[in-house]
file coords-v2.json (JSON, C-alpha atoms and all ligand atoms)
[["chain", "number", "residue", "atom", "x", "y", "z"],
["P", 1, "MET", "CA", -5.10, -47.53, -20.84],
["P", 2, "PHE", "CA", -1.38, -47.00, -20.31],
["P", 3, "THR", "CA", -1.55, -43.57, -21.98],
["P", 4, "ALA", "CA", -4.53, -42.52, -19.85],
["P", 5, "LYS", "CA", -2.65, -43.49, -16.66],
["P", 6, "ARG", "CA", 0.41, -41.58, -17.79],
["P", 7, "LEU", "CA", -1.68, -38.53, -18.64],
["P", 8, "LEU", "CA", -3.32, -38.64, -15.22],
["P", 9, "LEU", "CA", 0.08, -38.93, -13.49],
["P", 10, "THR", "CA", 1.56, -36.05, -15.51],
["P", 11, "THR", "CA", -1.46, -33.83, -14.83],
["P", 12, "SER", "CA", -1.47, -34.50, -11.07],
["P", 13, "THR", "CA", 2.30, -33.90, -10.86],
["P", 14, "ALA", "CA", 1.86, -30.61, -12.73],
["P", 15, "VAL", "CA", -0.98, -29.55, -10.37],
["P", 16, "ILE", "CA", 1.07, -30.42, -7.26],
["P", 17, "LEU", "CA", 4.13, -28.58, -8.59],
["P", 18, "PHE", "CA", 2.02, -25.55, -9.50],
["P", 19, "LYS", "CA", 0.42, -25.49, -6.03],
["P", 20, "ALA", "CA", 3.86, -25.83, -4.37],
["P", 21, "ALA", "CA", 5.23, -22.95, -6.47],
["P", 22, "GLU", "CA", 2.19, -20.82, -5.60],
["P", 23, "LEU", "CA", 2.58, -21.54, -1.86],
["P", 24, "THR", "CA", 6.30, -20.71, -2.02],
["P", 25, "ALA", "CA", 5.78, -17.50, -4.02],
["P", 26, "ASN", "CA", 3.09, -16.28, -1.61],
["P", 27, "ASP", "CA", 4.97, -17.49, 1.49],
["P", 28, "GLU", "CA", 1.93, -19.53, 2.55],
["P", 29, "TRP", "CA", 3.27, -22.96, 3.56],
["P", 30, "ASP", "CA", 2.27, -22.16, 7.15],
["P", 31, "THR", "CA", -1.41, -22.08, 6.11],
["P", 32, "ILE", "CA", -1.16, -25.84, 5.34],
["P", 33, "TYR", "CA", 0.22, -26.48, 8.83],
["P", 34, "ASP", "CA", -2.48, -24.26, 10.34],
["P", 35, "SER", "CA", -5.34, -25.92, 8.48],
["P", 36, "ILE", "CA", -4.23, -29.37, 9.75],
["P", 37, "PHE", "CA", -2.99, -28.75, 13.29],
["P", 38, "ARG", "CA", -4.26, -25.40, 14.55],
["P", 39, "THR", "CA", -7.35, -25.05, 16.70],
["P", 40, "LYS", "CA", -9.07, -21.66, 16.89],
["P", 41, "SER", "CA", -8.80, -19.71, 20.10],
["P", 42, "ILE", "CA", -12.01, -19.48, 22.11],
["P", 43, "ILE", "CA", -10.94, -16.54, 24.31],
["P", 44, "PRO", "CA", -13.54, -13.72, 24.02],
["P", 45, "ARG", "CA", -12.20, -10.77, 22.03],
["P", 46, "ASP", "CA", -12.19, -8.29, 24.91],
["P", 47, "GLU", "CA", -10.06, -10.60, 27.08],
["P", 48, "ARG", "CA", -7.33, -11.10, 24.48],
["P", 49, "PRO", "CA", -4.02, -9.16, 24.53],
["P", 50, "LYS", "CA", -4.41, -5.88, 22.63],
["P", 51, "ILE", "CA", -2.30, -5.39, 19.52],
["P", 52, "VAL", "CA", -2.32, -2.00, 17.81],
["P", 53, "VAL", "CA", -0.82, -1.88, 14.31],
["P", 54, "LEU", "CA", 0.16, 1.53, 12.91],
["P", 55, "GLY", "CA", 0.05, 1.61, 9.11],
["P", 56, "THR", "CA", -1.60, -0.19, 6.19],
["P", 57, "GLY", "CA", 1.44, -0.51, 3.95],
["P", 58, "TRP", "CA", 3.60, -3.47, 3.01],
["P", 59, "ALA", "CA", 5.01, -4.12, 6.48],
["P", 60, "ALA", "CA", 1.68, -3.82, 8.33],
["P", 61, "CYS", "CA", -0.26, -5.95, 5.85],
["P", 62, "SER", "CA", 2.44, -8.67, 5.75],
["P", 63, "PHE", "CA", 2.36, -8.78, 9.54],
["P", 64, "LEU", "CA", -1.46, -8.99, 9.60],
["P", 65, "ARG", "CA", -1.48, -11.76, 7.00],
["P", 66, "LYS", "CA", 0.60, -13.97, 9.29],
["P", 67, "LEU", "CA", -1.01, -13.03, 12.61],
["P", 68, "HIS", "CA", -3.44, -15.46, 14.25],
["P", 69, "THR", "CA", -5.98, -12.74, 14.83],
["P", 70, "ASP", "CA", -8.31, -14.98, 16.84],
["P", 71, "LYS", "CA", -5.72, -14.89, 19.66],
["P", 72, "TYR", "CA", -5.54, -11.10, 19.93],
["P", 73, "HIS", "CA", -7.67, -7.99, 20.04],
["P", 74, "VAL", "CA", -6.30, -6.28, 16.94],
["P", 75, "THR", "CA", -6.77, -2.64, 15.93],
["P", 76, "VAL", "CA", -5.22, -1.14, 12.81],
["P", 77, "VAL", "CA", -4.70, 2.63, 12.76],
["P", 78, "SER", "CA", -3.72, 4.41, 9.56],
["P", 79, "PRO", "CA", -4.70, 7.55, 7.63],
["P", 80, "ARG", "CA", -4.84, 5.38, 4.48],
["P", 81, "ASN", "CA", -7.82, 3.01, 4.32],
["P", 82, "HIS", "CA", -6.33, 0.96, 1.52],
["P", 83, "PHE", "CA", -3.22, -1.04, 0.71],
["P", 84, "LEU", "CA", -1.24, 0.46, -2.18],
["P", 85, "TYR", "CA", 0.68, -1.76, -4.61],
["P", 86, "THR", "CA", 3.60, 0.67, -5.07],
["P", 87, "PRO", "CA", 5.47, -1.21, -7.85],
["P", 88, "LEU", "CA", 2.72, -0.14, -10.27],
["P", 89, "LEU", "CA", 2.32, 3.41, -8.95],
["P", 90, "CYS", "CA", 4.46, 5.00, -11.68],
["P", 91, "GLY", "CA", 2.14, 3.52, -14.32],
["P", 92, "THR", "CA", -0.85, 5.41, -12.91],
["P", 93, "THR", "CA", 0.80, 8.78, -13.58],
["P", 94, "VAL", "CA", 0.39, 8.35, -17.34],
["P", 95, "GLY", "CA", -2.59, 5.99, -17.47],
["P", 96, "THR", "CA", -0.78, 2.71, -18.16],
["P", 97, "VAL", "CA", -2.75, 1.32, -15.22],
["P", 98, "GLU", "CA", -5.79, 2.78, -13.49],
["P", 99, "PRO", "CA", -5.59, 3.75, -9.79],
["P", 100, "ARG", "CA", -8.36, 1.31, -8.82],
["P", 101, "SER", "CA", -6.26, -1.60, -10.09],
["P", 102, "ILE", "CA", -3.41, -1.00, -7.66],
["P", 103, "ILE", "CA", -5.26, -0.51, -4.40],
["P", 104, "GLU", "CA", -7.16, -2.89, -2.16],
["P", 105, "PRO", "CA", -9.50, -1.57, 0.54],
["P", 106, "ILE", "CA", -7.98, -2.53, 3.87],
["P", 107, "ARG", "CA", -11.22, -4.05, 5.17],
["P", 108, "THR", "CA", -11.51, -6.33, 2.11],
["P", 109, "LEU", "CA", -7.92, -7.39, 2.59],
["P", 110, "LEU", "CA", -8.48, -8.18, 6.26],
["P", 111, "ASN", "CA", -11.59, -10.23, 5.50],
["P", 112, "ARG", "CA", -9.74, -12.19, 2.87],
["P", 113, "SER", "CA", -7.02, -13.15, 5.33],
["P", 114, "ASN", "CA", -9.65, -14.41, 7.78],
["P", 115, "ALA", "CA", -8.96, -11.45, 10.01],
["P", 116, "SER", "CA", -12.55, -10.26, 10.05],
["P", 117, "ASP", "CA", -12.40, -9.45, 13.76],
["P", 118, "VAL", "CA", -9.71, -6.82, 13.20],
["P", 119, "THR", "CA", -10.87, -3.22, 13.67],
["P", 120, "TYR", "CA", -9.65, -0.51, 11.32],
["P", 121, "ILE", "CA", -9.60, 3.16, 12.40],
["P", 122, "GLN", "CA", -8.83, 5.95, 9.95],
["P", 123, "ALA", "CA", -6.47, 8.14, 11.95],
["P", 124, "SER", "CA", -2.89, 9.16, 12.29],
["P", 125, "ALA", "CA", -0.89, 8.26, 15.42],
["P", 126, "SER", "CA", 0.52, 11.47, 16.87],
["P", 127, "ALA", "CA", 2.09, 10.21, 20.12],
["P", 128, "ILE", "CA", 3.17, 6.99, 21.79],
["P", 129, "ASN", "CA", 2.79, 7.00, 25.58],
["P", 130, "PRO", "CA", 4.86, 4.05, 26.85],
["P", 131, "THR", "CA", 4.11, 4.72, 30.53],
["P", 132, "THR", "CA", 0.36, 4.34, 30.06],
["P", 133, "GLN", "CA", 0.79, 1.84, 27.18],
["P", 134, "SER", "CA", -1.40, 3.88, 24.88],
["P", 135, "ILE", "CA", -1.18, 5.86, 21.66],
["P", 136, "THR", "CA", -2.77, 9.20, 20.89],
["P", 137, "CYS", "CA", -4.49, 9.37, 17.51],
["P", 138, "LYS", "CA", -5.83, 12.22, 15.42],
["P", 139, "THR", "CA", -8.54, 11.35, 12.95],
["P", 140, "THR", "CA", -7.99, 12.11, 9.29],
["P", 141, "ALA", "CA", -11.63, 11.52, 8.37],
["P", 142, "GLU", "CA", -12.51, 14.98, 7.04],
["P", 143, "GLU", "CA", -16.01, 15.29, 8.49],
["P", 144, "ALA", "CA", -14.84, 14.34, 11.99],
["P", 145, "ALA", "CA", -11.75, 16.54, 11.74],
["P", 146, "CYS", "CA", -13.86, 19.59, 10.74],
["P", 147, "SER", "CA", -16.94, 19.47, 12.89],
["P", 148, "HIS", "CA", -16.82, 16.90, 15.68],
["P", 149, "THR", "CA", -14.24, 18.29, 18.09],
["P", 150, "ASP", "CA", -14.91, 15.56, 20.67],
["P", 151, "ILE", "CA", -13.86, 12.71, 18.35],
["P", 152, "ARG", "CA", -10.97, 14.45, 16.59],
["P", 153, "SER", "CA", -8.38, 13.07, 19.00],
["P", 154, "PHE", "CA", -8.50, 9.91, 21.12],
["P", 155, "ASP", "CA", -6.27, 7.45, 22.98],
["P", 156, "LEU", "CA", -6.02, 3.71, 22.31],
["P", 157, "PRO", "CA", -4.56, 1.25, 24.83],
["P", 158, "TYR", "CA", -2.17, -1.49, 23.69],
["P", 159, "ASP", "CA", -0.27, -4.46, 25.09],
["P", 160, "HIS", "CA", 1.82, -4.81, 21.94],
["P", 161, "LEU", "CA", 2.44, -1.97, 19.50],
["P", 162, "ILE", "CA", 3.53, -2.57, 15.90],
["P", 163, "VAL", "CA", 4.91, 0.56, 14.26],
["P", 164, "ALA", "CA", 4.84, 0.18, 10.45],
["P", 165, "VAL", "CA", 4.42, 3.79, 9.34],
["P", 166, "GLY", "CA", 6.94, 3.72, 6.48],
["P", 167, "CYS", "CA", 9.00, 6.81, 5.72],
["P", 168, "GLN", "CA", 8.68, 10.29, 4.23],
["P", 169, "PRO", "CA", 10.05, 11.08, 0.77],
["P", 170, "THR", "CA", 13.21, 13.14, 0.97],
["P", 171, "THR", "CA", 14.64, 15.89, -1.24],
["P", 172, "PHE", "CA", 18.24, 15.25, -0.09],
["P", 173, "GLY", "CA", 18.39, 19.02, 0.32],
["P", 174, "THR", "CA", 17.96, 19.70, -3.41],
["P", 175, "PRO", "CA", 16.95, 23.39, -3.61],
["P", 176, "GLY", "CA", 13.51, 24.14, -5.01],
["P", 177, "VAL", "CA", 12.19, 20.57, -5.07],
["P", 178, "LEU", "CA", 10.00, 20.93, -1.99],
["P", 179, "GLU", "CA", 8.40, 24.14, -3.28],
["P", 180, "ASN", "CA", 8.07, 23.30, -6.98],
["P", 181, "GLY", "CA", 8.19, 19.54, -7.45],
["P", 182, "PHE", "CA", 5.75, 16.67, -7.20],
["P", 183, "PHE", "CA", 6.48, 13.70, -4.97],
["P", 184, "LEU", "CA", 5.57, 10.17, -5.98],
["P", 185, "LYS", "CA", 4.75, 8.00, -2.99],
["P", 186, "GLU", "CA", 1.00, 7.84, -2.53],
["P", 187, "LEU", "CA", -1.90, 7.43, -4.95],
["P", 188, "GLY", "CA", -2.85, 11.10, -4.44],
["P", 189, "ASP", "CA", 0.66, 12.10, -5.62],
["P", 190, "ALA", "CA", 0.27, 10.04, -8.81],
["P", 191, "GLN", "CA", -3.14, 11.60, -9.48],
["P", 192, "LYS", "CA", -1.70, 15.11, -9.09],
["P", 193, "ILE", "CA", 1.07, 14.29, -11.58],
["P", 194, "ARG", "CA", -1.43, 12.79, -14.01],
["P", 195, "ASN", "CA", -3.65, 15.87, -13.85],
["P", 196, "ARG", "CA", -0.64, 18.13, -14.37],
["P", 197, "ILE", "CA", 0.58, 16.15, -17.41],
["P", 198, "SER", "CA", -2.91, 16.20, -18.87],
["P", 199, "ASP", "CA", -3.16, 19.96, -18.27],
["P", 200, "LEU", "CA", 0.22, 20.60, -19.94],
["P", 201, "LEU", "CA", -0.74, 18.48, -22.94],
["P", 202, "GLU", "CA", -4.03, 20.33, -23.36],
["P", 203, "THR", "CA", -2.25, 23.70, -23.10],
["P", 204, "ALA", "CA", 0.32, 22.59, -25.68],
["P", 205, "SER", "CA", -2.52, 21.54, -27.99],
["P", 206, "LEU", "CA", -4.24, 24.94, -27.96],
["P", 207, "PRO", "CA", -4.29, 26.57, -31.42],
["P", 208, "GLY", "CA", -2.28, 29.64, -30.35],
["P", 209, "THR", "CA", 0.58, 27.79, -28.59],
["P", 210, "ASP", "CA", 3.86, 28.30, -30.50],
["P", 211, "LEU", "CA", 6.55, 25.63, -30.90],
["P", 212, "ALA", "CA", 8.94, 27.08, -28.29],
["P", 213, "THR", "CA", 6.17, 27.14, -25.68],
["P", 214, "LYS", "CA", 5.13, 23.60, -26.59],
["P", 215, "LYS", "CA", 8.71, 22.41, -26.07],
["P", 216, "ARG", "CA", 8.92, 24.17, -22.72],
["P", 217, "LEU", "CA", 5.57, 22.81, -21.55],
["P", 218, "LEU", "CA", 6.48, 19.25, -22.51],
["P", 219, "HIS", "CA", 9.95, 19.23, -20.99],
["P", 220, "PHE", "CA", 9.86, 17.13, -17.82],
["P", 221, "CYS", "CA", 12.59, 16.99, -15.17],
["P", 222, "VAL", "CA", 12.87, 14.00, -12.86],
["P", 223, "VAL", "CA", 14.80, 14.68, -9.67],
["P", 224, "GLY", "CA", 16.29, 11.42, -8.44],
["P", 225, "GLY", "CA", 17.65, 8.50, -10.45],
["P", 226, "GLY", "CA", 16.55, 5.72, -8.11],
["P", 227, "PRO", "CA", 14.00, 3.05, -9.09],
["P", 228, "THR", "CA", 11.02, 5.41, -8.76],
["P", 229, "GLY", "CA", 12.63, 8.19, -10.83],
["P", 230, "ILE", "CA", 13.78, 5.81, -13.55],
["P", 231, "GLU", "CA", 10.46, 3.94, -13.69],
["P", 232, "PHE", "CA", 8.55, 7.20, -13.94],
["P", 233, "ALA", "CA", 10.88, 8.44, -16.71],
["P", 234, "ALA", "CA", 10.36, 5.15, -18.57],
["P", 235, "GLU", "CA", 6.58, 5.55, -18.31],
["P", 236, "LEU", "CA", 6.84, 9.07, -19.72],
["P", 237, "HIS", "CA", 9.31, 8.09, -22.40],
["P", 238, "GLY", "CA", 6.68, 6.23, -24.39],
["P", 239, "LYS", "CA", 4.85, 9.51, -24.81],
["P", 240, "PHE", "CA", 7.42, 12.31, -24.61],
["P", 241, "PHE", "CA", 11.08, 12.72, -25.40],
["P", 242, "CYS", "CA", 12.21, 15.79, -23.46],
["P", 243, "ILE", "CA", 13.14, 14.25, -20.12],
["P", 244, "SER", "CA", 16.10, 15.30, -17.99],
["P", 245, "ILE", "CA", 17.03, 13.21, -14.96],
["P", 246, "TYR", "CA", 18.85, 14.94, -12.12],
["P", 247, "THR", "CA", 20.44, 12.81, -9.44],
["P", 248, "MET", "CA", 23.04, 13.38, -6.76],
["P", 301, "LIG", "C1", 6.69, 4.46, -6.84],
["P", 301, "LIG", "C2", 7.27, 3.40, -5.96],
["P", 301, "LIG", "C3", 7.62, 2.18, -6.51],
["P", 301, "LIG", "C4", 8.17, 1.19, -5.70],
["P", 301, "LIG", "N1", 8.49, -0.01, -6.27],
["P", 301, "LIG", "C5", 8.99, -1.00, -5.50],
["P", 301, "LIG", "C6", 9.29, -2.28, -6.06],
["P", 301, "LIG", "O1", 9.08, -2.52, -7.26],
["P", 301, "LIG", "N2", 9.82, -3.22, -5.24],
["P", 301, "LIG", "C7", 10.04, -2.98, -3.90],
["P", 301, "LIG", "O2", 10.50, -3.88, -3.20],
["P", 301, "LIG", "N3", 9.76, -1.79, -3.35],
["P", 301, "LIG", "C8", 9.25, -0.80, -4.11],
["P", 301, "LIG", "N4", 8.98, 0.42, -3.55],
["P", 301, "LIG", "C9", 9.28, 0.64, -2.14],
["P", 301, "LIG", "C10", 8.19, 0.08, -1.26],
["P", 301, "LIG", "O3", 6.93, 0.61, -1.63],
["P", 301, "LIG", "C11", 8.48, 0.45, 0.18],
["P", 301, "LIG", "O4", 9.72, -0.11, 0.54],
["P", 301, "LIG", "C12", 7.39, -0.06, 1.07],
["P", 301, "LIG", "O5", 6.18, 0.60, 0.78],
["P", 301, "LIG", "C13", 7.74, 0.19, 2.54],
["P", 301, "LIG", "O6", 6.73, -0.45, 3.30],
["P", 301, "LIG", "P1", 6.25, 0.12, 4.69],
["P", 301, "LIG", "O7", 5.15, -0.75, 5.17],
["P", 301, "LIG", "O8", 7.44, 0.31, 5.56],
["P", 301, "LIG", "O9", 5.71, 1.59, 4.39],
["P", 301, "LIG", "P2", 4.44, 2.05, 3.46],
["P", 301, "LIG", "O10", 4.09, 0.98, 2.47],
["P", 301, "LIG", "O11", 4.81, 3.40, 3.00],
["P", 301, "LIG", "O12", 3.28, 2.14, 4.53],
["P", 301, "LIG", "C14", 3.25, 3.09, 5.55],
["P", 301, "LIG", "C15", 1.84, 3.10, 6.13],
["P", 301, "LIG", "O13", 1.84, 3.84, 7.34],
["P", 301, "LIG", "C16", 0.76, 4.78, 7.31],
["P", 301, "LIG", "N5", 1.11, 5.88, 8.20],
["P", 301, "LIG", "C17", 1.94, 6.94, 7.96],
["P", 301, "LIG", "N6", 2.02, 7.74, 9.03],
["P", 301, "LIG", "C18", 1.22, 7.18, 9.99],
["P", 301, "LIG", "C19", 0.88, 7.55, 11.33],
["P", 301, "LIG", "N7", 1.38, 8.63, 11.90],
["P", 301, "LIG", "N8", 0.02, 6.75, 12.01],
["P", 301, "LIG", "C20", -0.50, 5.64, 11.45],
["P", 301, "LIG", "N9", -0.19, 5.25, 10.19],
["P", 301, "LIG", "C21", 0.65, 6.00, 9.47],
["P", 301, "LIG", "C22", 0.62, 5.14, 5.84],
["P", 301, "LIG", "O14", -0.65, 5.69, 5.56],
["P", 301, "LIG", "C23", 0.81, 3.76, 5.21],
["P", 301, "LIG", "O15", -0.40, 3.03, 5.26],
["P", 301, "LIG", "C24", 8.40, 1.42, -4.32],
["P", 301, "LIG", "C25", 8.05, 2.66, -3.78],
["P", 301, "LIG", "C26", 7.48, 3.64, -4.57],
["P", 301, "LIG", "C27", 7.08, 4.95, -3.95]]

call {"tool": "encode", "arguments": {"input": "coords-v2.json", "output": "structure tokens", "more": "lines below"}}
Ligand SMILES: Cc1cc2nc3c(=O)[nH]c(=O)nc-3n(C[C@H](O)[C@H](O)[C@H](O)COP(=O)(O)OP(=O)(O)OC[C@H]3O[C@@H](n4cnc5c(N)ncnc54)[C@H](O)[C@@H]3O)c2cc1C
result
Amino acid sequence: MFTAKRLLLTTSTAVILFKAAELTANDEWDTIYDSIFRTKSIIPRDERPKIVVLGTGWAACSFLRKLHTDKYHVTVVSPRNHFLYTPLLCGTTVGTVEPRSIIEPIRTLLNRSNASDVTYIQASASAINPTTQSITCKTTAEEAACSHTDIRSFDLPYDHLIVAVGCQPTTFGTPGVLENGFFLKELGDAQKIRNRISDLLETASLPGTDLATKKRLLHFCVVGGGPTGIEFAAELHGKFFCISIYTM
């Protein structure tokens, strides 16, 4: 009897500690408060203050996770209709992880965070007009961009604007990188690198390819010794040995 009680106590303590660690790791203690004390807003969607969020990256998605979307009329604008888990991006260049494993469709993500009344629009913001409190967007949906001239560009009004568009990769002025190199920021970049590596390997494997050509084809240069450059080099290292890293 005593042992059973002790076992029960140990198990419940372990469950509580695990739940507390999970809530801390995911920064979700506020959901406990919300589920006990918060009442849902009953204001109709069209009468709520308008929030426009630019971007579907880390900053935008973290903001949306914490926003009480029932209080606002929320629209998310981004050319990318998925969230990208960048820490694993390097792994997709050589097939350690598959692209599908590191993305989450933005609409699925919004539904999961109970933000089902958020609207997503696939477009790129091209201008902010503070006087009229609106943004000008250009669609990046290919069909609309090619044929439907009337919906290519449109304005969206906002009361609050959240700009979370990230940044562009830079070459730090390194000559030749822009013209000849691959960047590694988006999933499309990783897929281009993967295709190129695969192509080089296949060329090196052709019966007529001599040793000197094979060495040249399989010599990779990484420009930049920051986390992305080093992680990419580490991913390649398991498979190839000729890697040079150039950094400033
Ligand atoms: C390969 C790689 C590995 C990384 N690993 C780590 C790591 O392990 N740990 C870590 O802390 N950080 C890591 N980072 C850095 C991290 O990914 C960035 O700091 C983070 O993505 C920045 O978040 P963000 O929301 O500002 O921008 P992003 O995540 O880049 O999001 C920008 C969003 O804005 C959208 N956007 C762009 N232009 C427009 C526009 N005109 N209108 C509307 N939307 C627009 C984009 O489509 C995108 O959805 C890594 C980065 C890379 C590239």

call {"tool": "closest_residue", "arguments": {"input": "coords-v2.json", "among": "P:Ala212, P:Val77, P:Leu23, P:Ile106", "to": "P:Gly55", "atoms": "all atoms listed in the file"}}
result
P:Val77

call {"tool": "residues_near_point", "arguments": {"input": "coords-v2.json", "point": "(-7.4, 2.5, 8.9)", "cutoff": "12 Å", "atoms": "only C-alpha atoms", "output": "PyMOL selection string"}}
result
chain P and resi 52-57+60-61+74-83+105-110+118-125+137-141+165

call {"tool": "closest_residue", "arguments": {"input": "coords-v2.json", "among": "P:Pro130, P:Pro99, P:Pro207, P:Gly166", "to": "ligand LIG 301 (chain P)", "atoms": "all atoms listed in the file"}}
result
P:Gly166

call {"tool": "atom_distance", "arguments": {"input": "coords-v2.json", "atom1": "atom CA of P:Phe220", "atom2": "atom CA of P:Leu184"}}
result
14.4 Å

call {"tool": "atom_distance", "arguments": {"input": "coords-v2.json", "atom1": "atom O2 of ligand LIG 301 (chain P)", "atom2": "atom CA of P:Ser101"}}
result
18.3 Å

call {"tool": "closest_residue", "arguments": {"input": "coords-v2.json", "among": "P:Leu64, P:Cys167, P:Val94, P:Leu7", "to": "ligand LIG 301 (chain P)", "atoms": "all atoms listed in the file"}}
result
P:Cys167

call {"tool": "residues_around", "arguments": {"input": "coords-v2.json", "residues": "P:Leu161", "least_positions_apart": "2", "cutoff": "9 Å", "atoms": "all atoms listed in the file", "output": "ChimeraX atom specification"}}
result
/P:50-54,133-135,158-159,163
